[in-house]
Each structure stands twice: as C-alpha cells, then as structure tokens.
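Trainee: Following this line is run.txt, made up of compact mmCIF, N, CA and C atoms:
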```
# COMPACT_ATOMS: atom_id res chain seq x y z
N MET A 1 -22.72 1.01 -33.90
CA MET A 1 -21.65 1.31 -32.96
C MET A 1 -21.10 0.02 -32.37
N VAL A 2 -19.80 -0.04 -32.21
CA VAL A 2 -19.12 -1.22 -31.69
C VAL A 2 -18.91 -1.04 -30.19
N SER A 3 -19.14 -2.11 -29.43
CA SER A 3 -18.98 -2.01 -27.98
C SER A 3 -17.52 -1.78 -27.63
N ASP A 4 -17.29 -1.13 -26.48
CA ASP A 4 -15.93 -0.90 -26.00
C ASP A 4 -15.21 -2.21 -25.75
N ASP A 5 -15.94 -3.23 -25.31
CA ASP A 5 -15.32 -4.54 -25.06
C ASP A 5 -14.70 -5.09 -26.34
N LEU A 6 -15.43 -5.05 -27.43
CA LEU A 6 -14.93 -5.59 -28.69
C LEU A 6 -13.74 -4.79 -29.19
N GLN A 7 -13.73 -3.49 -28.97
CA GLN A 7 -12.62 -2.66 -29.42
C GLN A 7 -11.32 -3.05 -28.74
N GLU A 8 -11.39 -3.55 -27.53
CA GLU A 8 -10.18 -3.89 -26.78
C GLU A 8 -9.99 -5.38 -26.59
N GLU A 9 -10.79 -6.19 -27.25
CA GLU A 9 -10.73 -7.64 -27.08
C GLU A 9 -9.67 -8.26 -27.99
N ALA A 10 -9.00 -9.26 -27.48
CA ALA A 10 -8.06 -10.03 -28.31
C ALA A 10 -8.86 -10.97 -29.20
N GLY A 11 -8.38 -11.18 -30.40
CA GLY A 11 -9.05 -12.07 -31.34
C GLY A 11 -8.21 -13.31 -31.61
N ILE A 12 -8.90 -14.39 -31.91
CA ILE A 12 -8.24 -15.66 -32.18
C ILE A 12 -8.49 -16.06 -33.63
N PHE A 13 -7.46 -16.58 -34.28
CA PHE A 13 -7.63 -17.06 -35.65
C PHE A 13 -7.01 -18.45 -35.79
N THR A 14 -7.52 -19.19 -36.75
CA THR A 14 -7.00 -20.53 -37.06
C THR A 14 -6.94 -20.67 -38.57
N TRP A 15 -5.87 -21.32 -39.05
CA TRP A 15 -5.60 -21.40 -40.47
C TRP A 15 -5.19 -22.81 -40.85
N PRO A 16 -6.15 -23.68 -41.20
CA PRO A 16 -5.79 -25.00 -41.73
C PRO A 16 -5.16 -24.78 -43.11
N LEU A 17 -3.89 -25.05 -43.24
CA LEU A 17 -3.14 -24.64 -44.42
C LEU A 17 -3.59 -25.33 -45.71
N ALA A 18 -4.08 -26.54 -45.63
CA ALA A 18 -4.50 -27.26 -46.83
C ALA A 18 -5.65 -26.53 -47.54
N GLY A 19 -6.55 -25.94 -46.78
CA GLY A 19 -7.68 -25.23 -47.38
C GLY A 19 -7.42 -23.78 -47.68
N ASN A 20 -6.30 -23.24 -47.13
CA ASN A 20 -5.91 -21.86 -47.34
C ASN A 20 -6.99 -20.85 -46.97
N MET A 21 -7.77 -21.16 -45.96
CA MET A 21 -8.77 -20.23 -45.45
C MET A 21 -8.45 -19.94 -43.98
N ILE A 22 -8.43 -18.66 -43.63
CA ILE A 22 -8.20 -18.26 -42.24
C ILE A 22 -9.55 -17.96 -41.61
N TYR A 23 -9.79 -18.56 -40.45
CA TYR A 23 -11.03 -18.36 -39.72
C TYR A 23 -10.73 -17.47 -38.52
N GLY A 24 -11.48 -16.39 -38.39
CA GLY A 24 -11.26 -15.46 -37.29
C GLY A 24 -12.54 -15.19 -36.53
N ASP A 25 -12.41 -14.93 -35.25
CA ASP A 25 -13.59 -14.61 -34.45
C ASP A 25 -14.01 -13.16 -34.67
N THR A 26 -15.02 -12.71 -33.93
CA THR A 26 -15.55 -11.36 -34.15
C THR A 26 -14.52 -10.27 -33.81
N ALA A 27 -13.66 -10.53 -32.84
CA ALA A 27 -12.64 -9.53 -32.50
C ALA A 27 -11.62 -9.38 -33.63
N VAL A 28 -11.23 -10.49 -34.25
CA VAL A 28 -10.33 -10.42 -35.41
C VAL A 28 -11.01 -9.64 -36.53
N ALA A 29 -12.27 -9.94 -36.77
CA ALA A 29 -13.02 -9.22 -37.81
C ALA A 29 -13.01 -7.73 -37.54
N TYR A 30 -13.29 -7.33 -36.30
CA TYR A 30 -13.30 -5.91 -35.94
C TYR A 30 -11.93 -5.28 -36.19
N LEU A 31 -10.87 -5.93 -35.69
CA LEU A 31 -9.53 -5.35 -35.81
C LEU A 31 -9.09 -5.17 -37.26
N PHE A 32 -9.49 -6.09 -38.14
CA PHE A 32 -9.08 -6.01 -39.54
C PHE A 32 -10.12 -5.32 -40.43
N GLY A 33 -11.19 -4.83 -39.84
CA GLY A 33 -12.21 -4.14 -40.62
C GLY A 33 -12.98 -5.07 -41.53
N LEU A 34 -13.16 -6.32 -41.13
CA LEU A 34 -13.84 -7.31 -41.95
C LEU A 34 -15.22 -7.65 -41.40
N ASP A 35 -16.03 -8.27 -42.20
CA ASP A 35 -17.37 -8.70 -41.82
C ASP A 35 -17.26 -9.98 -40.99
N PRO A 36 -17.71 -9.96 -39.72
CA PRO A 36 -17.58 -11.15 -38.88
C PRO A 36 -18.36 -12.36 -39.38
N THR A 37 -19.41 -12.14 -40.15
CA THR A 37 -20.14 -13.30 -40.69
C THR A 37 -19.31 -14.01 -41.75
N ARG A 38 -18.33 -13.30 -42.30
CA ARG A 38 -17.43 -13.92 -43.29
C ARG A 38 -16.17 -14.49 -42.65
N THR A 39 -15.64 -13.82 -41.62
CA THR A 39 -14.40 -14.33 -41.01
C THR A 39 -14.63 -15.67 -40.31
N VAL A 40 -15.80 -15.87 -39.72
CA VAL A 40 -16.06 -17.15 -39.04
C VAL A 40 -16.24 -18.29 -40.04
N LYS A 41 -16.50 -17.96 -41.30
CA LYS A 41 -16.65 -18.98 -42.34
C LYS A 41 -15.36 -19.15 -43.15
N GLY A 42 -14.40 -18.25 -42.93
CA GLY A 42 -13.10 -18.35 -43.57
C GLY A 42 -12.91 -17.40 -44.74
N LEU A 43 -11.77 -16.73 -44.72
CA LEU A 43 -11.34 -15.84 -45.81
C LEU A 43 -9.88 -16.14 -46.10
N THR A 44 -9.44 -15.83 -47.30
CA THR A 44 -8.04 -16.04 -47.65
C THR A 44 -7.15 -15.02 -46.92
N ALA A 45 -5.87 -15.34 -46.86
CA ALA A 45 -4.91 -14.43 -46.23
C ALA A 45 -4.93 -13.06 -46.89
N ARG A 46 -5.17 -13.03 -48.19
CA ARG A 46 -5.21 -11.76 -48.93
C ARG A 46 -6.24 -10.81 -48.33
N HIS A 47 -7.40 -11.32 -47.93
CA HIS A 47 -8.43 -10.47 -47.32
C HIS A 47 -7.92 -9.82 -46.03
N TYR A 48 -7.23 -10.60 -45.21
CA TYR A 48 -6.71 -10.06 -43.95
C TYR A 48 -5.59 -9.06 -44.22
N LEU A 49 -4.71 -9.37 -45.16
CA LEU A 49 -3.59 -8.48 -45.45
C LEU A 49 -4.05 -7.13 -45.98
N LYS A 50 -5.21 -7.08 -46.63
CA LYS A 50 -5.73 -5.79 -47.11
C LYS A 50 -5.97 -4.81 -45.97
N GLY A 51 -6.28 -5.33 -44.78
CA GLY A 51 -6.51 -4.46 -43.62
C GLY A 51 -5.25 -3.99 -42.93
N VAL A 52 -4.12 -4.57 -43.29
CA VAL A 52 -2.84 -4.19 -42.70
C VAL A 52 -2.33 -2.93 -43.38
N TYR A 53 -1.84 -2.00 -42.58
CA TYR A 53 -1.28 -0.75 -43.10
C TYR A 53 -0.27 -1.07 -44.20
N THR A 54 -0.33 -0.36 -45.30
CA THR A 54 0.47 -0.65 -46.49
C THR A 54 1.95 -0.85 -46.18
N ASN A 55 2.54 0.02 -45.38
CA ASN A 55 3.97 -0.08 -45.09
C ASN A 55 4.32 -1.28 -44.22
N ASP A 56 3.33 -1.90 -43.59
CA ASP A 56 3.57 -3.05 -42.71
C ASP A 56 3.29 -4.39 -43.38
N ARG A 57 2.61 -4.38 -44.52
CA ARG A 57 2.14 -5.62 -45.16
C ARG A 57 3.26 -6.61 -45.48
N ASP A 58 4.32 -6.14 -46.10
CA ASP A 58 5.39 -7.05 -46.50
C ASP A 58 6.02 -7.75 -45.30
N VAL A 59 6.25 -7.00 -44.23
CA VAL A 59 6.84 -7.59 -43.02
C VAL A 59 5.91 -8.64 -42.43
N VAL A 60 4.64 -8.32 -42.31
CA VAL A 60 3.67 -9.26 -41.74
C VAL A 60 3.61 -10.53 -42.58
N ALA A 61 3.49 -10.39 -43.89
CA ALA A 61 3.41 -11.55 -44.77
C ALA A 61 4.69 -12.38 -44.70
N ARG A 62 5.82 -11.71 -44.71
CA ARG A 62 7.11 -12.44 -44.67
C ARG A 62 7.24 -13.23 -43.38
N LEU A 63 6.89 -12.63 -42.24
CA LEU A 63 7.01 -13.32 -40.95
C LEU A 63 5.98 -14.45 -40.82
N TRP A 64 4.78 -14.24 -41.35
CA TRP A 64 3.77 -15.32 -41.37
C TRP A 64 4.33 -16.53 -42.09
N PHE A 65 4.83 -16.31 -43.32
CA PHE A 65 5.29 -17.43 -44.13
C PHE A 65 6.59 -18.04 -43.63
N LEU A 66 7.42 -17.26 -42.97
CA LEU A 66 8.61 -17.80 -42.34
C LEU A 66 8.21 -18.75 -41.20
N ALA A 67 7.24 -18.36 -40.41
CA ALA A 67 6.76 -19.22 -39.32
C ALA A 67 6.14 -20.50 -39.86
N ILE A 68 5.44 -20.40 -40.98
CA ILE A 68 4.85 -21.59 -41.58
C ILE A 68 5.95 -22.52 -42.10
N ARG A 69 6.90 -21.97 -42.83
CA ARG A 69 7.98 -22.79 -43.38
C ARG A 69 8.79 -23.48 -42.28
N SER A 70 9.08 -22.75 -41.21
CA SER A 70 9.95 -23.27 -40.16
C SER A 70 9.19 -24.00 -39.05
N ARG A 71 7.86 -23.87 -39.05
CA ARG A 71 7.02 -24.42 -37.98
C ARG A 71 7.46 -23.89 -36.62
N ASN A 72 7.81 -22.63 -36.59
CA ASN A 72 8.20 -21.96 -35.35
C ASN A 72 7.14 -20.94 -34.95
N SER A 73 7.39 -20.29 -33.84
CA SER A 73 6.45 -19.27 -33.37
C SER A 73 6.57 -18.00 -34.20
N PHE A 74 5.57 -17.17 -34.06
CA PHE A 74 5.43 -15.94 -34.85
C PHE A 74 5.05 -14.84 -33.88
N HIS A 75 5.68 -13.69 -34.00
CA HIS A 75 5.26 -12.51 -33.24
C HIS A 75 5.62 -11.28 -34.05
N VAL A 76 4.64 -10.38 -34.20
CA VAL A 76 4.89 -9.15 -34.93
C VAL A 76 3.92 -8.08 -34.43
N GLU A 77 4.38 -6.84 -34.43
CA GLU A 77 3.51 -5.70 -34.15
C GLU A 77 3.34 -4.93 -35.45
N PHE A 78 2.12 -4.50 -35.71
CA PHE A 78 1.83 -3.80 -36.95
C PHE A 78 0.57 -2.96 -36.79
N ARG A 79 0.19 -2.26 -37.85
CA ARG A 79 -1.00 -1.41 -37.83
C ARG A 79 -2.08 -2.02 -38.74
N VAL A 80 -3.32 -1.93 -38.28
CA VAL A 80 -4.46 -2.40 -39.08
C VAL A 80 -5.52 -1.30 -39.11
N LYS A 81 -6.36 -1.35 -40.14
CA LYS A 81 -7.49 -0.45 -40.25
C LYS A 81 -8.71 -1.19 -39.71
N ASP A 82 -9.24 -0.73 -38.58
CA ASP A 82 -10.32 -1.46 -37.91
C ASP A 82 -11.68 -1.17 -38.54
N ALA A 83 -12.71 -1.74 -37.95
CA ALA A 83 -14.07 -1.63 -38.48
C ALA A 83 -14.59 -0.19 -38.50
N GLN A 84 -13.99 0.69 -37.72
CA GLN A 84 -14.40 2.10 -37.71
C GLN A 84 -13.54 2.93 -38.66
N GLY A 85 -12.64 2.27 -39.40
CA GLY A 85 -11.79 2.97 -40.35
C GLY A 85 -10.60 3.66 -39.72
N VAL A 86 -10.27 3.29 -38.49
CA VAL A 86 -9.16 3.90 -37.76
C VAL A 86 -7.97 2.95 -37.75
N TYR A 87 -6.78 3.48 -38.07
CA TYR A 87 -5.58 2.66 -37.97
C TYR A 87 -5.18 2.56 -36.51
N ARG A 88 -4.87 1.34 -36.09
CA ARG A 88 -4.44 1.13 -34.71
C ARG A 88 -3.34 0.09 -34.66
N ARG A 89 -2.53 0.16 -33.62
CA ARG A 89 -1.43 -0.78 -33.46
C ARG A 89 -1.93 -2.06 -32.80
N VAL A 90 -1.50 -3.18 -33.35
CA VAL A 90 -1.84 -4.47 -32.79
C VAL A 90 -0.58 -5.33 -32.73
N ALA A 91 -0.67 -6.40 -31.98
CA ALA A 91 0.38 -7.41 -31.96
C ALA A 91 -0.27 -8.74 -32.27
N SER A 92 0.49 -9.61 -32.90
CA SER A 92 -0.03 -10.93 -33.21
C SER A 92 1.04 -11.96 -32.88
N SER A 93 0.61 -13.05 -32.27
CA SER A 93 1.49 -14.17 -31.96
C SER A 93 0.80 -15.44 -32.40
N GLY A 94 1.58 -16.40 -32.84
CA GLY A 94 1.00 -17.66 -33.26
C GLY A 94 2.07 -18.70 -33.49
N ARG A 95 1.64 -19.83 -34.00
CA ARG A 95 2.56 -20.93 -34.27
C ARG A 95 1.99 -21.83 -35.35
N CYS A 96 2.90 -22.39 -36.14
CA CYS A 96 2.53 -23.37 -37.15
C CYS A 96 2.81 -24.77 -36.59
N PHE A 97 1.87 -25.66 -36.79
CA PHE A 97 2.00 -27.04 -36.33
C PHE A 97 2.07 -27.97 -37.53
N GLY A 98 2.85 -29.05 -37.37
CA GLY A 98 2.97 -30.04 -38.42
C GLY A 98 2.00 -31.19 -38.20
N ASP A 99 1.82 -31.99 -39.25
CA ASP A 99 0.95 -33.16 -39.14
C ASP A 99 1.78 -34.40 -38.82
N ALA A 100 1.17 -35.57 -38.90
CA ALA A 100 1.83 -36.83 -38.53
C ALA A 100 3.04 -37.14 -39.40
N ILE A 101 3.07 -36.62 -40.62
CA ILE A 101 4.23 -36.88 -41.49
C ILE A 101 5.12 -35.64 -41.62
N ASP A 102 4.98 -34.74 -40.65
CA ASP A 102 5.85 -33.57 -40.50
C ASP A 102 5.71 -32.53 -41.61
N HIS A 103 4.54 -32.42 -42.19
CA HIS A 103 4.25 -31.32 -43.12
C HIS A 103 3.55 -30.20 -42.35
N GLN A 104 3.75 -28.96 -42.80
CA GLN A 104 3.04 -27.85 -42.21
C GLN A 104 1.55 -28.09 -42.39
N ALA A 105 0.79 -28.01 -41.30
CA ALA A 105 -0.63 -28.36 -41.40
C ALA A 105 -1.57 -27.28 -40.89
N HIS A 106 -1.20 -26.61 -39.81
CA HIS A 106 -2.16 -25.72 -39.17
C HIS A 106 -1.43 -24.56 -38.49
N PHE A 107 -1.97 -23.38 -38.66
CA PHE A 107 -1.41 -22.19 -38.02
C PHE A 107 -2.50 -21.60 -37.13
N VAL A 108 -2.17 -21.34 -35.90
CA VAL A 108 -3.14 -20.73 -34.98
C VAL A 108 -2.48 -19.52 -34.32
N GLY A 109 -3.31 -18.54 -33.96
CA GLY A 109 -2.74 -17.37 -33.34
C GLY A 109 -3.76 -16.46 -32.70
N ILE A 110 -3.23 -15.38 -32.19
CA ILE A 110 -4.02 -14.37 -31.50
C ILE A 110 -3.58 -13.00 -32.01
N VAL A 111 -4.50 -12.07 -32.09
CA VAL A 111 -4.22 -10.68 -32.45
C VAL A 111 -4.84 -9.83 -31.35
N TYR A 112 -4.08 -8.87 -30.86
CA TYR A 112 -4.63 -8.03 -29.79
C TYR A 112 -4.16 -6.59 -29.94
N PRO A 113 -5.04 -5.67 -29.52
CA PRO A 113 -4.65 -4.25 -29.56
C PRO A 113 -3.48 -3.99 -28.62
N ILE A 114 -2.53 -3.20 -29.05
CA ILE A 114 -1.37 -2.86 -28.22
C ILE A 114 -1.83 -2.23 -26.91
N SER A 115 -2.94 -1.49 -26.94
CA SER A 115 -3.43 -0.84 -25.72
C SER A 115 -3.76 -1.85 -24.63
N MET A 116 -3.99 -3.13 -24.99
CA MET A 116 -4.27 -4.15 -23.99
C MET A 116 -3.06 -4.36 -23.07
N LEU A 117 -1.86 -4.12 -23.57
CA LEU A 117 -0.67 -4.36 -22.78
C LEU A 117 -0.62 -3.46 -21.56
N SER A 118 -1.19 -2.27 -21.66
CA SER A 118 -1.18 -1.36 -20.52
C SER A 118 -2.17 -1.77 -19.45
N LEU A 119 -3.04 -2.72 -19.76
CA LEU A 119 -4.04 -3.17 -18.80
C LEU A 119 -3.51 -4.26 -17.87
N VAL A 120 -2.35 -4.82 -18.22
CA VAL A 120 -1.82 -5.95 -17.45
C VAL A 120 -1.07 -5.47 -16.25
```
Give the structure from this file in structure tokens form.
Mentor:
Amino acid sequence: MVSDDLQEEAGIFTWPLAGNMIYGDTAVAYLFGLDPTRTVKGLTARHYLKGVYTNDRDVVARLWFLAIRSRNSFHVEFRVKDAQGVYRRVASSGRCFGDAIDHQAHFVGIVYPISMLSLV
C-alpha cells in the first residue's frame, strides 16, 4: 500500500540530455507507475511516456521536445497511470538549460497531481 503523502506529493525529475536518461524521485515513480529503484538510477523518456494516457502522449512528447529545442519553459496537464493502476490528472512544469557553448544540456522539472492545486 502506498502512503497518502506519496499519492499527493509532487515529484522532481532531471534529464541530462547527453546521456538521455531521466532521473525521477519516488513521487515521480509513483505517478508514472514505475519502479522507484529504477527511476532514481535513470530511465529513458520512452519508459516515462508509456505511463502517459495514450491520447495525451503525442502532446506531452511534442511539448517536451519543443521546450528542449527552444530552451524555454514547459507546462502541460495530462493523465498518467499511477502505481495503483489508476489514471489521474497531473501537471508538469520544467525548463531546458543550455551549456557554456549554448547547446541544450539539461532539462529539469516537477510533476504534481492536479488535486494538489486545491490545497493551495
């Protein structure tokens, strides 16, 4: 059983683009229905996208890669299948950062359950 705290916790992810591995904390793992022992060691974007509701995948992927190309901020709301097999609405925000020679280098972000917004 998953604690109520983890079900409503925001998750943080980091994506060093050169290695093409996304590292997510335990909350990200829970929200995407992934094994947290694997997310903290890094998984490809494909693993995360598998947890995104089928009708939302293309939009999420397109906005991710647009933010990477433009090195701008990213925000999208979508549905994911969580660790309990339940689809839920989440929002994700992040940004791509460039390196010293202005190449896309690192993407960082947060994913949080939409229900968190009602707590503010």
Trainee: Tell me which of A:Arg62, A:Cys96, A:Glu9, A:Asn20 sits closest to Gly42 in chain A, counting only N, CA and C atoms.
Mentor: A:Asn20
Trainee: For a test of reading the model, state the distance in Å between CA of Ala18 in chain A and CA of Ala105 in chain A, rounded to one decimal.
Mentor: 6.8 Å
Trainee: In Å, rounded to a single decimal, give me how far atom N of Gly33 in chain A is from CA of Ile68 in chain A.
Mentor: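 Distance between the two atoms: 23.3 Å.
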Trainee: Considering all atoms listed in the file, return as a PyMOL selection string whatever protein or nucleic-acid residues lie within 5 Å of range 28-31 of chain A, sequence-local ones (same chain, fewer than 3 positions apart) excluded.
Mentor: chain A and resi 11+25+34+81-83
Trainee: For Ala45 in chain A, which residue out of A:Met21, A:Leu63, A:Ser92, A:Thr26 is the nearest one, using all atoms listed in the file?
Mentor: A:Met21
Trainee: Using all atoms listed in the file, which residue out of A:Val52, A:Ala27, A:Ala67, A:Ala61 lies closest to Ala10 in chain A?
Mentor: A:Ala27
Trainee: As a count of residues only, which residues of chain A does DSSP assign to strand (DSSP E or B)?
Mentor: 42
Trainee: Under the rule that only C-alpha atoms are counted, which of A:Thr44, A:Thr37, A:Ser115, A:Ser93 is the nearest residue to Phe74 in chain A?
Mentor: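 Comparing A:Thr44, A:Thr37, A:Ser115, A:Ser93 against Phe74 in chain A, the winner is A:Ser93.
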